[in-house]
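Chemist: Sending over work-v9.cif (mmCIF, C-alpha atoms).
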```cif
data_target
#
loop_
_atom_site.label_atom_id
_atom_site.label_comp_id
_atom_site.auth_asym_id
_atom_site.auth_seq_id
_atom_site.Cartn_x
_atom_site.Cartn_y
_atom_site.Cartn_z
CA MET A 1 -95.88 41.87 146.57
CA ILE A 2 -99.51 42.74 145.86
CA VAL A 3 -102.14 40.02 145.72
CA VAL A 4 -104.26 41.51 142.95
CA SER A 5 -107.47 39.71 143.87
CA GLN A 6 -107.39 41.33 147.33
CA ASP A 7 -106.38 44.83 146.21
CA GLU A 8 -109.73 46.63 146.15
CA LYS A 9 -108.24 50.06 145.55
CA GLY A 10 -106.16 48.84 142.63
CA LEU A 11 -109.05 46.93 141.05
CA LYS A 12 -111.29 49.97 141.39
CA GLY A 13 -108.67 52.20 139.75
CA ALA A 14 -108.11 49.76 136.90
CA MET A 15 -111.86 49.40 136.30
CA LEU A 16 -112.23 53.18 136.27
CA GLU A 17 -109.42 53.34 133.71
CA LEU A 18 -111.25 50.83 131.51
CA LEU A 19 -114.46 52.86 131.71
CA GLU A 20 -112.58 56.05 130.86
CA GLN A 21 -110.96 54.35 127.87
CA GLU A 22 -114.37 53.24 126.60
CA LEU A 23 -115.56 56.82 126.74
CA GLN A 24 -112.90 58.02 124.31
CA PRO A 25 -114.08 58.41 120.71
CA GLN A 26 -113.60 55.12 118.88
CA LEU A 27 -112.02 54.89 115.43
CA ASP A 28 -114.32 53.65 112.72
CA ALA A 29 -113.35 50.86 110.29
CA ASP A 30 -112.24 53.34 107.58
CA ASP A 31 -109.89 55.12 109.99
CA VAL A 32 -108.43 51.82 111.11
CA ALA A 33 -107.86 50.70 107.52
CA GLN A 34 -105.94 53.89 106.70
CA LEU A 35 -103.64 53.87 109.72
CA SER A 36 -100.40 51.95 109.94
CA ASP A 37 -99.86 49.48 112.77
CA GLU A 38 -97.51 51.97 114.42
CA ALA A 39 -100.03 54.80 114.18
CA LEU A 40 -102.73 52.55 115.64
CA ALA A 41 -100.44 51.55 118.48
CA ASP A 42 -99.74 55.25 119.17
CA ARG A 43 -103.45 55.94 119.46
CA ALA A 44 -104.06 53.07 121.83
CA PRO A 45 -104.46 54.27 125.41
CA ALA A 46 -101.65 53.38 127.78
CA ASN A 47 -102.62 51.14 130.65
CA ASN A 48 -101.59 52.59 133.95
CA TYR A 49 -102.06 49.39 135.91
CA SER A 50 -100.05 46.21 135.75
CA PRO A 51 -101.68 43.68 133.36
CA GLY A 52 -102.81 41.37 136.19
CA TYR A 53 -105.46 43.91 137.24
CA PHE A 54 -107.17 43.71 133.86
CA VAL A 55 -107.00 39.92 133.83
CA ARG A 56 -108.77 39.88 137.19
CA ILE A 57 -111.37 42.42 136.09
CA ASP A 58 -112.13 40.27 133.07
CA TYR A 59 -112.87 37.37 135.43
CA LEU A 60 -114.95 39.54 137.77
CA LEU A 61 -117.05 40.81 134.86
CA GLN A 62 -117.67 37.20 133.81
CA LEU A 63 -118.67 36.38 137.36
CA GLU A 64 -120.95 39.40 137.51
CA GLY A 65 -122.59 38.24 134.28
CA MET A 66 -123.22 34.78 135.71
CA ILE A 67 -124.80 36.27 138.82
CA ALA A 68 -126.93 38.61 136.71
CA ALA A 69 -128.09 35.59 134.69
CA GLY A 70 -129.35 34.00 137.89
CA ALA A 71 -126.56 31.55 138.68
CA ARG A 72 -126.43 30.73 142.38
CA LEU A 73 -122.79 30.91 143.33
CA GLU A 74 -120.99 30.83 146.62
CA LEU A 75 -118.52 33.66 146.44
CA PHE A 76 -115.04 33.78 147.91
CA ALA A 77 -114.10 36.80 150.01
CA ASP A 78 -111.75 38.14 147.34
CA GLU A 79 -114.49 37.85 144.72
CA ILE A 80 -116.79 39.96 146.87
CA THR A 81 -113.95 42.46 147.27
CA GLY A 82 -113.49 42.56 143.50
CA LEU A 83 -117.19 42.90 142.71
CA ARG A 84 -117.44 45.76 145.20
CA ALA A 85 -114.47 47.47 143.55
CA ILE A 86 -116.22 47.26 140.19
CA LYS A 87 -119.41 48.70 141.65
CA LEU A 88 -117.54 51.57 143.30
CA ALA A 89 -115.68 52.32 140.06
CA ARG A 90 -118.95 52.45 138.12
CA ALA A 91 -120.47 54.78 140.71
CA GLU A 92 -117.48 57.12 140.57
CA PHE A 93 -117.53 57.04 136.78
CA ALA A 94 -121.24 57.91 136.77
CA ARG A 95 -120.57 60.89 139.06
CA GLU A 96 -117.78 62.21 136.84
CA HIS A 97 -119.52 61.38 133.58
CA PRO A 98 -123.28 61.75 134.11
CA ALA A 99 -125.49 60.16 131.49
CA CYS A 100 -127.52 62.38 129.15
CA GLY A 101 -131.17 62.39 130.24
CA ASN A 102 -132.25 62.16 126.63
CA CYS A 103 -130.02 59.53 124.99
CA GLY A 104 -128.29 57.98 128.00
CA GLU A 105 -124.78 58.60 126.65
CA ALA A 106 -122.09 59.24 129.30
CA GLN A 107 -120.69 62.75 129.05
CA TYR A 108 -116.98 63.55 128.81
CA THR A 109 -117.22 65.73 131.94
CA ARG A 110 -119.88 66.54 134.51
CA PHE A 111 -119.61 70.20 133.43
CA ALA A 112 -120.80 69.56 129.88
CA ARG A 113 -123.47 71.98 128.66
CA ARG A 114 -124.56 69.97 125.68
CA CYS A 115 -124.65 66.23 125.03
CA HIS A 116 -121.82 65.25 122.68
CA ALA A 117 -123.98 62.48 121.23
CA CYS A 118 -127.48 63.96 120.72
CA SER A 119 -126.76 67.69 121.29
CA THR A 120 -129.40 68.03 123.98
CA GLU A 121 -128.78 71.22 125.98
CA PHE A 122 -128.35 70.69 129.72
CA ARG A 123 -129.82 73.09 132.22
CA LYS A 124 -127.95 74.19 135.31
CA ALA A 125 -129.21 72.53 138.45
CA GLY A 126 -131.06 74.89 140.79
CA MET B 1 -94.68 14.47 95.99
CA SER B 2 -96.22 17.89 96.22
CA PRO B 3 -93.95 20.84 96.80
CA VAL B 4 -92.93 21.52 100.36
CA GLU B 5 -95.25 24.02 101.97
CA THR B 6 -94.37 26.03 104.99
CA CYS B 7 -96.89 25.56 107.72
CA LYS B 8 -97.52 27.05 111.12
CA ALA B 9 -96.77 24.70 113.94
CA GLU B 10 -100.05 25.39 115.71
CA ALA B 11 -102.12 24.65 112.65
CA HIS B 12 -100.65 21.28 111.84
CA GLY B 13 -99.79 19.81 115.16
CA CYS B 14 -96.05 20.12 115.15
CA PRO B 15 -94.66 19.73 118.60
CA GLY B 16 -95.04 23.24 119.85
CA SER B 17 -94.28 26.72 118.66
CA HIS B 18 -90.58 26.35 119.34
CA LEU B 19 -90.32 24.26 116.19
CA THR B 20 -90.76 25.42 112.66
CA CYS B 21 -92.13 22.97 110.21
CA ASP B 22 -92.29 22.19 106.54
CA LEU B 23 -95.12 19.98 105.49
CA GLU B 24 -94.63 17.54 102.64
CA ALA B 25 -97.25 15.68 100.66
CA GLY B 26 -100.27 17.14 102.41
CA HIS B 27 -101.32 16.93 106.02
CA ALA B 28 -101.20 13.13 106.14
CA GLY B 29 -97.60 13.02 105.01
CA GLN B 30 -94.31 13.61 106.68
CA HIS B 31 -93.54 16.58 108.83
CA ARG B 32 -89.98 17.71 108.52
CA CYS B 33 -89.20 19.81 111.52
CA MET B 34 -86.24 21.96 112.31
CA ILE B 35 -85.39 22.91 115.84
CA SER B 36 -85.23 26.65 115.79
CA ASN B 37 -82.47 27.56 118.15
CA ALA B 38 -81.73 31.24 117.84
CA GLY B 39 -78.47 32.19 119.40
CA THR B 40 -76.86 28.80 119.04
CA GLY B 41 -77.44 28.21 115.34
CA ASP B 42 -79.88 25.88 113.67
CA LEU B 43 -79.57 22.19 114.40
CA GLU B 44 -80.27 19.49 111.90
CA PRO B 45 -83.84 18.57 111.05
CA PHE B 46 -85.55 15.64 112.62
CA PHE B 47 -88.50 13.88 111.10
CA TRP B 48 -91.86 14.02 112.71
CA GLY B 49 -94.48 11.45 112.00
CA GLU B 50 -92.60 9.29 109.56
CA GLY B 51 -92.84 5.52 109.70
CA VAL B 52 -95.10 5.31 112.72
CA LYS B 53 -98.11 3.09 112.18
CA PRO B 54 -101.38 4.59 113.37
CA GLU B 55 -102.05 1.54 115.57
CA ALA B 56 -98.70 1.77 117.39
CA LEU B 57 -99.08 2.33 121.13
CA LEU B 58 -96.97 4.87 122.93
CA PRO B 59 -95.08 2.96 125.65
CA LEU B 60 -95.36 5.15 128.74
CA ASP B 61 -93.02 2.92 130.72
CA GLY B 62 -90.51 2.42 127.91
CA GLU B 63 -87.09 3.97 127.67
CA ARG B 64 -87.44 7.72 127.25
CA VAL B 65 -85.14 8.80 124.45
CA VAL B 66 -84.66 11.93 122.39
CA THR B 67 -82.35 12.29 119.43
CA PHE B 68 -81.13 15.14 117.29
CA GLY B 69 -78.19 16.11 115.14
CA ASP B 70 -75.78 18.96 115.51
CA ARG B 71 -72.89 19.82 113.18
CA GLY B 72 -72.72 16.41 111.66
CA ILE B 73 -72.95 14.41 114.88
CA THR B 74 -76.05 12.52 115.98
CA TYR B 75 -76.87 12.64 119.67
CA VAL B 76 -79.12 10.34 121.66
CA PHE B 77 -80.17 11.28 125.19
CA TYR B 78 -81.62 8.56 127.44
CA PHE B 79 -83.79 9.51 130.40
CA SER B 80 -85.27 7.65 133.33
CA ARG B 81 -89.05 7.87 133.56
CA ILE B 82 -90.27 11.32 134.59
CA THR B 83 -92.76 11.05 137.44
CA GLN B 84 -95.74 13.34 137.97
CA ALA B 85 -94.05 14.83 141.06
CA GLU B 86 -91.00 15.71 138.95
CA TRP B 87 -93.15 17.30 136.27
CA GLU B 88 -95.01 19.27 138.96
CA HIS B 89 -91.70 20.55 140.33
CA CYS B 90 -90.75 21.61 136.80
CA PHE B 91 -94.10 23.36 136.22
CA ALA B 92 -93.71 25.23 139.49
CA GLY B 93 -90.42 26.69 138.20
CA MET B 94 -91.94 28.05 135.00
CA TYR B 95 -92.12 31.81 134.91
CA LEU B 96 -94.71 33.94 133.14
CA SER B 97 -94.81 37.65 133.79
CA SER B 98 -96.22 40.70 132.12
CA HIS B 99 -95.60 44.42 132.52
CA ASN B 100 -96.16 47.69 130.72
CA GLU B 101 -93.44 49.48 128.78
CA GLY B 102 -95.04 52.68 127.54
CA LYS B 103 -98.09 51.53 125.62
CA GLN B 104 -96.70 48.06 125.05
CA GLU B 105 -97.47 45.09 127.24
CA VAL B 106 -94.35 42.97 127.54
CA THR B 107 -94.71 39.31 128.41
CA VAL B 108 -91.79 37.23 129.62
CA LEU B 109 -92.03 33.46 129.53
CA ASP B 110 -89.34 31.12 130.76
CA THR B 111 -90.07 27.43 130.56
CA THR B 112 -86.54 26.54 129.53
CA THR B 113 -84.72 27.09 132.82
CA PRO B 114 -86.77 24.52 134.78
CA GLY B 115 -86.79 22.37 131.64
CA ILE B 116 -83.02 22.20 131.46
CA GLU B 117 -82.95 21.44 135.17
CA LEU B 118 -85.29 18.51 134.53
CA VAL B 119 -83.14 17.31 131.62
CA GLU B 120 -80.04 17.35 133.81
CA LYS B 121 -81.84 15.57 136.64
CA LYS B 122 -83.32 12.74 134.57
CA LEU B 123 -80.55 12.15 132.04
CA VAL B 124 -78.97 8.71 132.54
CA LYS B 125 -76.92 8.15 129.38
CA VAL B 126 -75.85 9.97 126.21
CA ASP B 127 -74.54 8.82 122.85
CA GLY B 128 -72.57 11.18 120.64
CA TYR B 129 -70.04 12.60 123.06
CA ALA B 130 -66.48 11.43 123.62
CA GLU B 131 -66.11 8.00 125.16
CA GLY B 132 -66.41 8.03 128.93
CA TYR B 133 -68.22 11.39 128.95
CA ASP B 134 -71.09 10.05 131.00
CA SER B 135 -68.93 8.15 133.47
CA LYS B 136 -67.59 11.26 135.19
CA PRO B 137 -69.31 12.48 138.35
CA ASN B 138 -72.04 15.05 137.78
CA TRP B 139 -71.54 14.81 134.02
CA GLN B 140 -75.13 15.85 133.32
CA SER B 141 -74.43 19.43 134.32
CA PHE B 142 -71.72 19.65 131.62
CA VAL B 143 -74.13 19.03 128.76
CA PRO B 144 -73.98 22.24 126.72
CA PRO B 145 -77.16 24.35 126.61
CA ARG B 146 -77.23 24.01 122.80
CA HIS B 147 -78.03 20.33 123.48
CA SER B 148 -79.98 20.41 126.74
CA ARG B 149 -82.34 22.98 125.24
CA PRO B 150 -83.38 20.87 122.21
CA ALA B 151 -83.54 17.81 124.48
CA TRP B 152 -86.08 19.70 126.60
CA GLN B 153 -87.99 20.76 123.49
CA LEU B 154 -88.18 17.16 122.33
CA LEU B 155 -89.29 15.89 125.75
CA THR B 156 -92.21 18.30 125.48
CA ALA B 157 -93.00 17.60 121.83
CA VAL B 158 -96.76 17.27 122.33
CA ALA B 159 -99.43 19.26 120.52
CA PRO B 160 -103.10 19.13 119.55
CA SER B 161 -103.42 16.57 116.78
CA SER B 162 -103.31 17.26 113.07
CA MET B 163 -105.41 14.13 112.43
CA PRO B 164 -108.95 14.66 111.11
CA ALA B 165 -111.32 15.14 114.05
CA ASP B 166 -114.31 12.96 114.81
CA ARG B 167 -117.66 14.64 115.31
CA PHE B 168 -118.25 15.88 118.82
CA LEU B 169 -120.50 13.74 120.98
CA PRO B 170 -122.53 15.45 123.69
CA GLU B 171 -121.73 13.01 126.49
CA HIS B 172 -117.97 13.31 126.38
CA PHE B 173 -115.07 15.35 125.06
CA GLU B 174 -112.08 13.96 123.23
CA ALA B 175 -108.72 15.70 123.31
CA VAL B 176 -106.46 14.33 120.59
CA LEU B 177 -102.71 14.82 120.67
CA ASP B 178 -99.70 14.09 118.47
CA ALA B 179 -96.45 13.50 120.29
CA GLY B 180 -92.80 12.82 119.70
CA TRP B 181 -91.67 9.98 121.95
CA GLY B 182 -88.63 7.78 121.55
CA MET B 183 -86.71 7.31 118.33
CA GLU B 184 -87.01 5.32 115.16
CA ARG B 185 -83.24 5.32 114.93
CA PRO B 186 -80.51 7.72 116.05
CA GLY B 187 -81.19 11.12 114.52
CA ARG B 188 -84.83 10.38 113.84
CA MET B 189 -87.53 10.88 116.45
CA ALA B 190 -90.59 8.68 116.43
CA ALA B 191 -94.04 10.21 116.57
CA TYR B 192 -97.41 8.98 117.71
CA LEU B 193 -100.42 10.55 116.10
CA GLY B 194 -104.01 10.65 117.28
CA LEU B 195 -103.41 9.95 120.98
CA THR B 196 -106.90 10.29 122.40
CA HIS B 197 -108.01 11.32 125.89
CA VAL B 198 -111.74 10.92 126.55
CA PHE B 199 -113.18 13.16 129.24
CA SER B 200 -116.53 13.63 130.97
CA PRO B 201 -117.96 17.06 130.19
CA LEU B 202 -116.68 19.96 132.27
CA THR B 203 -118.93 21.07 135.08
CA ALA B 204 -119.81 24.72 135.67
CA GLU B 205 -117.82 24.50 138.90
CA GLN B 206 -114.69 23.33 137.05
CA LYS B 207 -115.03 26.10 134.46
CA ARG B 208 -115.28 28.65 137.21
CA ARG B 209 -112.33 27.12 139.08
CA TYR B 210 -110.25 27.41 135.91
CA SER B 211 -111.28 31.02 135.24
CA ARG B 212 -110.63 31.93 138.83
CA ALA B 213 -107.22 30.26 138.81
CA THR B 214 -106.13 31.94 135.58
CA SER B 215 -107.07 35.34 137.02
CA GLU B 216 -104.98 34.84 140.17
CA THR B 217 -101.90 37.02 139.88
CA ARG B 218 -99.36 38.80 142.04
CA VAL B 219 -97.73 42.14 141.30
CA ILE B 220 -94.15 42.84 142.23
CA GLY B 221 -93.56 46.54 142.61
CA ASP B 222 -96.30 49.14 142.59
CA ARG B 223 -99.73 48.85 141.00
CA LYS B 224 -98.91 50.94 137.98
CA HIS B 225 -95.38 49.95 137.06
CA GLY B 226 -95.18 46.57 138.72
CA ARG B 227 -94.61 43.24 137.07
CA THR B 228 -97.57 40.84 137.06
CA LEU B 229 -96.61 37.28 137.90
CA PHE B 230 -99.01 34.62 136.68
CA ILE B 231 -99.46 31.53 138.78
CA PRO B 232 -98.77 28.28 136.87
CA LYS B 233 -102.05 26.61 135.97
CA GLN B 234 -100.65 23.12 135.34
CA PRO B 235 -101.40 21.86 138.89
CA LEU B 236 -105.08 22.70 138.37
CA LEU B 237 -105.10 21.11 134.91
CA LEU B 238 -103.62 17.93 136.40
CA LYS B 239 -106.39 17.84 139.03
CA ILE B 240 -109.11 18.41 136.46
CA TYR B 241 -107.59 15.73 134.21
CA ASP B 242 -107.79 13.19 137.03
CA GLU B 243 -111.35 14.23 137.86
CA LEU B 244 -112.69 13.94 134.32
CA ILE B 245 -110.69 11.31 132.46
CA LEU B 246 -112.72 8.32 131.30
CA GLY B 247 -110.33 6.57 128.95
CA VAL B 248 -107.41 6.92 126.56
CA LYS B 249 -106.46 5.43 123.20
CA GLY B 250 -102.93 5.01 121.91
CA TYR B 251 -101.00 4.49 125.15
CA ALA B 252 -99.56 1.33 126.66
CA VAL B 253 -97.94 0.17 129.87
CA ASN B 254 -96.18 -3.19 130.08
CA GLY B 255 -97.04 -3.66 126.43
CA ALA B 256 -100.79 -3.61 127.05
CA PRO B 257 -103.17 -0.78 126.15
CA LEU B 258 -103.87 1.54 129.03
CA ALA B 259 -107.56 1.10 129.79
CA ASP B 260 -108.47 1.26 133.45
CA ARG B 261 -109.22 4.75 134.77
CA LYS B 262 -107.12 4.31 137.90
CA ASP B 263 -104.20 3.09 135.77
CA ILE B 264 -104.55 6.08 133.48
CA ILE B 265 -104.43 8.50 136.39
CA ARG B 266 -101.38 6.74 137.82
CA GLU B 267 -99.43 6.02 134.63
CA MET B 268 -100.16 8.87 132.22
CA ASP B 269 -97.28 11.26 131.60
CA ALA B 270 -98.09 14.51 133.41
CA TYR B 271 -97.08 16.67 130.46
CA HIS B 272 -99.53 14.78 128.26
CA LYS B 273 -102.18 15.20 130.96
CA VAL B 274 -101.67 18.97 130.93
CA ARG B 275 -101.73 19.29 127.15
CA ALA B 276 -104.89 17.16 126.96
CA ALA B 277 -106.68 18.98 129.80
CA GLU B 278 -105.83 22.35 128.21
CA GLN B 279 -107.98 21.40 125.26
CA LEU B 280 -111.03 21.24 127.53
CA PHE B 281 -110.69 24.99 127.91
CA MET B 282 -109.59 26.05 124.43
CA GLY B 283 -111.71 28.96 123.31
CA PHE B 284 -113.00 29.49 126.84
CA ASN B 285 -111.07 32.73 127.07
CA GLU B 286 -110.68 34.97 124.05
CA ASP B 287 -106.89 34.95 124.20
CA ASP B 288 -106.55 31.16 124.53
CA ASP B 289 -105.10 30.81 121.07
CA ALA B 290 -102.34 33.35 121.67
CA GLY B 291 -99.34 31.14 121.38
CA GLU B 292 -98.73 27.52 122.15
CA GLU B 293 -96.02 28.14 124.71
CA ALA B 294 -98.06 30.69 126.57
CA ALA B 295 -100.87 28.17 126.68
CA ALA B 296 -98.53 25.53 127.98
CA ALA B 297 -97.35 27.84 130.71
#
```
What does the file become when written as structure tokens?

Modeler:
Amino acid sequence: MIVVSQDEKGLKGAMLELLEQELQPQLDADDVAQLSDEALADRAPANNYSPGYFVRIDYLLQLEGMIAAGARLELFADEITGLRAIKLARAEFAREHPACGNCGEAQYTRFARRCHACSTEFRKAG
Amino acid sequence: MSPVETCKAEAHGCPGSHLTCDLEAGHAGQHRCMISNAGTGDLEPFFWGEGVKPEALLPLDGERVVTFGDRGITYVFYFSRITQAEWEHCFAGMYLSSHNEGKQEVTVLDTTTPGIELVEKKLVKVDGYAEGYDSKPNWQSFVPPRHSRPAWQLLTAVAPSSMPADRFLPEHFEAVLDAGWGMERPGRMAAYLGLTHVFSPLTAEQKRRYSRATSETRVIGDRKHGRTLFIPKQPLLLKIYDELILGVKGYAVNGAPLADRKDIIREMDAYHKVRAAEQLFMGFNEDDDAGEEAAAA
């Protein structure tokens, strides 16, 4: 049995999955209106982690927001574990999907030659 | 009388999502409820909210009775008082899990198994069966599931109230419930509307404790295909109830209104405590409104 709140590797993987899902092109309202419920369900990304991981991440993001807002909280060890997992996932995501220097949009891959959002051309490093 | 409208249980305070409801003569009128019992066939309707005066007090220490009809026979089940410890044991047996099947998230909720166990444990007498039925040893375990299940549903017939709400006051929070409790006569449950629980405001610490507790899960199997088990939150809701309760309206013990805080903590039915304390957190999480039973679990 896995205690989700203490599973740093699992929380990191689930957070990374959430970030990857956010990167996928979103449907606009017109597309949504034209698609049947079944077609919408087909387009929804599959979650590769058991639902408890996403429930915990939701809590950790709330906690992170409270800390960012200046709340002074004593954290439990498993909360520190979870917050670290989120930070590590964001760092890995940023490595794999560097932000465009012009518009800040995360790129689909780190090998992109042109920003998919603002079309800025990227130069090769070195 | 206006035509019968079909209403959603959650919207009009019927006792939980396991019951379907027709609403007659507007929201202040009678609720005619049918126990929806897929697999065993529909039972006869019982009436919810008829003939109960608004000032009637719910007798917490009175005889605990539920009644329903099935295939032309009216049954009455009599229970001894259910203590908080017995409710806590029942809550601990409730099962809520979730797992992925392809792109679908499948949630499994079982509150009935521990509920039927509680029914069998607390049942002291029944009317409606053959004479001498309840004189045999261990007779409670022979009650058919098509009857123990609705008995459980009626024992837990408590829901946020359909009565018009008062304006919110900043210094306290009122959770208002409607509940089935006892019977008007065999075949007809009695209902108490507008049962009020007055709480101090939640502290930031309590909100965080609740969020933390609802995010505590275990996974059986591997990370990706495993089944998430949710930990019952009723024990925490009971604690928070006892910490915050200031007063109640509509309940009685020994025929007198329940007023003293210590008496409330000691005497209040634990299921009512949970349903009232839940309302402190309604809307706190986005998915709070997703199903009455899920909320109860």

Chemist: Would you mind reading off the distance between CA of Arg275 (chain B) and CA of Gly255 (chain B), one decimal, in Å?

Modeler: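 Spanning CA of Arg275 (chain B) to CA of Gly255 (chain B) is a straight-line distance of 23.4 Å.
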
Chemist: Report, as JSON, the centre and edge lengths in Å (one decimal) of the axis-aligned box enclosing every listed atom of region 194-197 of chain B, padded by 5 Å on each side.

Modeler:
```
{"center_x": -105.7, "center_y": 10.6, "center_z": 121.6, "size_x": 14.6, "size_y": 11.4, "size_z": 18.6}
```

Chemist: Sorted by chain and rising residue number, list the residues of chain A at most 8 Å from chain B (counting all atoms listed in the file), each with its closest atom pair and distance in Å to one decimal, as JSON lines.

Modeler:
```
{"residue": "A:Met1", "atom": "CA", "partner": "B:Ile220", "partner_atom": "CA", "distance": 4.8}
{"residue": "A:Ile2", "atom": "CA", "partner": "B:Val219", "partner_atom": "CA", "distance": 4.9}
{"residue": "A:Val3", "atom": "CA", "partner": "B:Arg218", "partner_atom": "CA", "distance": 4.8}
{"residue": "A:Val4", "atom": "CA", "partner": "B:Arg218", "partner_atom": "CA", "distance": 5.7}
{"residue": "A:Ser5", "atom": "CA", "partner": "B:Glu216", "partner_atom": "CA", "distance": 6.6}
{"residue": "A:Gly10", "atom": "CA", "partner": "B:Arg223", "partner_atom": "CA", "distance": 6.6}
{"residue": "A:Ala41", "atom": "CA", "partner": "B:Lys103", "partner_atom": "CA", "distance": 7.5}
{"residue": "A:Asp42", "atom": "CA", "partner": "B:Lys103", "partner_atom": "CA", "distance": 7.6}
{"residue": "A:Ala44", "atom": "CA", "partner": "B:Lys103", "partner_atom": "CA", "distance": 7.2}
{"residue": "A:Pro45", "atom": "CA", "partner": "B:Lys103", "partner_atom": "CA", "distance": 6.9}
{"residue": "A:Ala46", "atom": "CA", "partner": "B:Lys103", "partner_atom": "CA", "distance": 4.6}
{"residue": "A:Asn47", "atom": "CA", "partner": "B:Lys103", "partner_atom": "CA", "distance": 6.8}
{"residue": "A:Asn48", "atom": "CA", "partner": "B:Lys224", "partner_atom": "CA", "distance": 5.1}
{"residue": "A:Tyr49", "atom": "CA", "partner": "B:Lys224", "partner_atom": "CA", "distance": 4.1}
{"residue": "A:Ser50", "atom": "CA", "partner": "B:Lys224", "partner_atom": "CA", "distance": 5.4}
{"residue": "A:Pro51", "atom": "CA", "partner": "B:His99", "partner_atom": "CA", "distance": 6.2}
{"residue": "A:Gly52", "atom": "CA", "partner": "B:Thr228", "partner_atom": "CA", "distance": 5.3}
{"residue": "A:Val55", "atom": "CA", "partner": "B:Ser215", "partner_atom": "CA", "distance": 5.6}
{"residue": "A:Arg56", "atom": "CA", "partner": "B:Ser215", "partner_atom": "CA", "distance": 4.9}
{"residue": "A:Tyr59", "atom": "CA", "partner": "B:Ser215", "partner_atom": "CA", "distance": 6.3}
```

Chemist: Name the residues in contact with Ala276 (chain B) at a cut-off of 8 Å, using all atoms listed in the file, excluding same-chain residues fewer than 2 positions from it; report them as a list in words.

Modeler: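 Those residues are Pro160, Ala175, Val176, Leu177, His197, Tyr241, His272, Lys273, Val274, Glu278, Gln279 and Leu280 of chain B.
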
Chemist: CA of Leu118 (chain B) to CA of Gly250 (chain B): how many Å, to one decimal?

Modeler: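 Here the two named atoms are 25.5 Å from each other.
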
Chemist: Select all residues near (-119.2, 61.1, 136.2) (cut-off 9 Å, inclusive, file coordinates), counting all atoms listed in the file, and output them as a list in words.

Modeler: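 Within the cut-off we find Arg90, Ala91, Glu92, Phe93, Ala94, Arg95, Glu96, His97, Pro98, Ala99, Ala106, Gln107, Tyr108, Thr109 and Arg110 of chain A.
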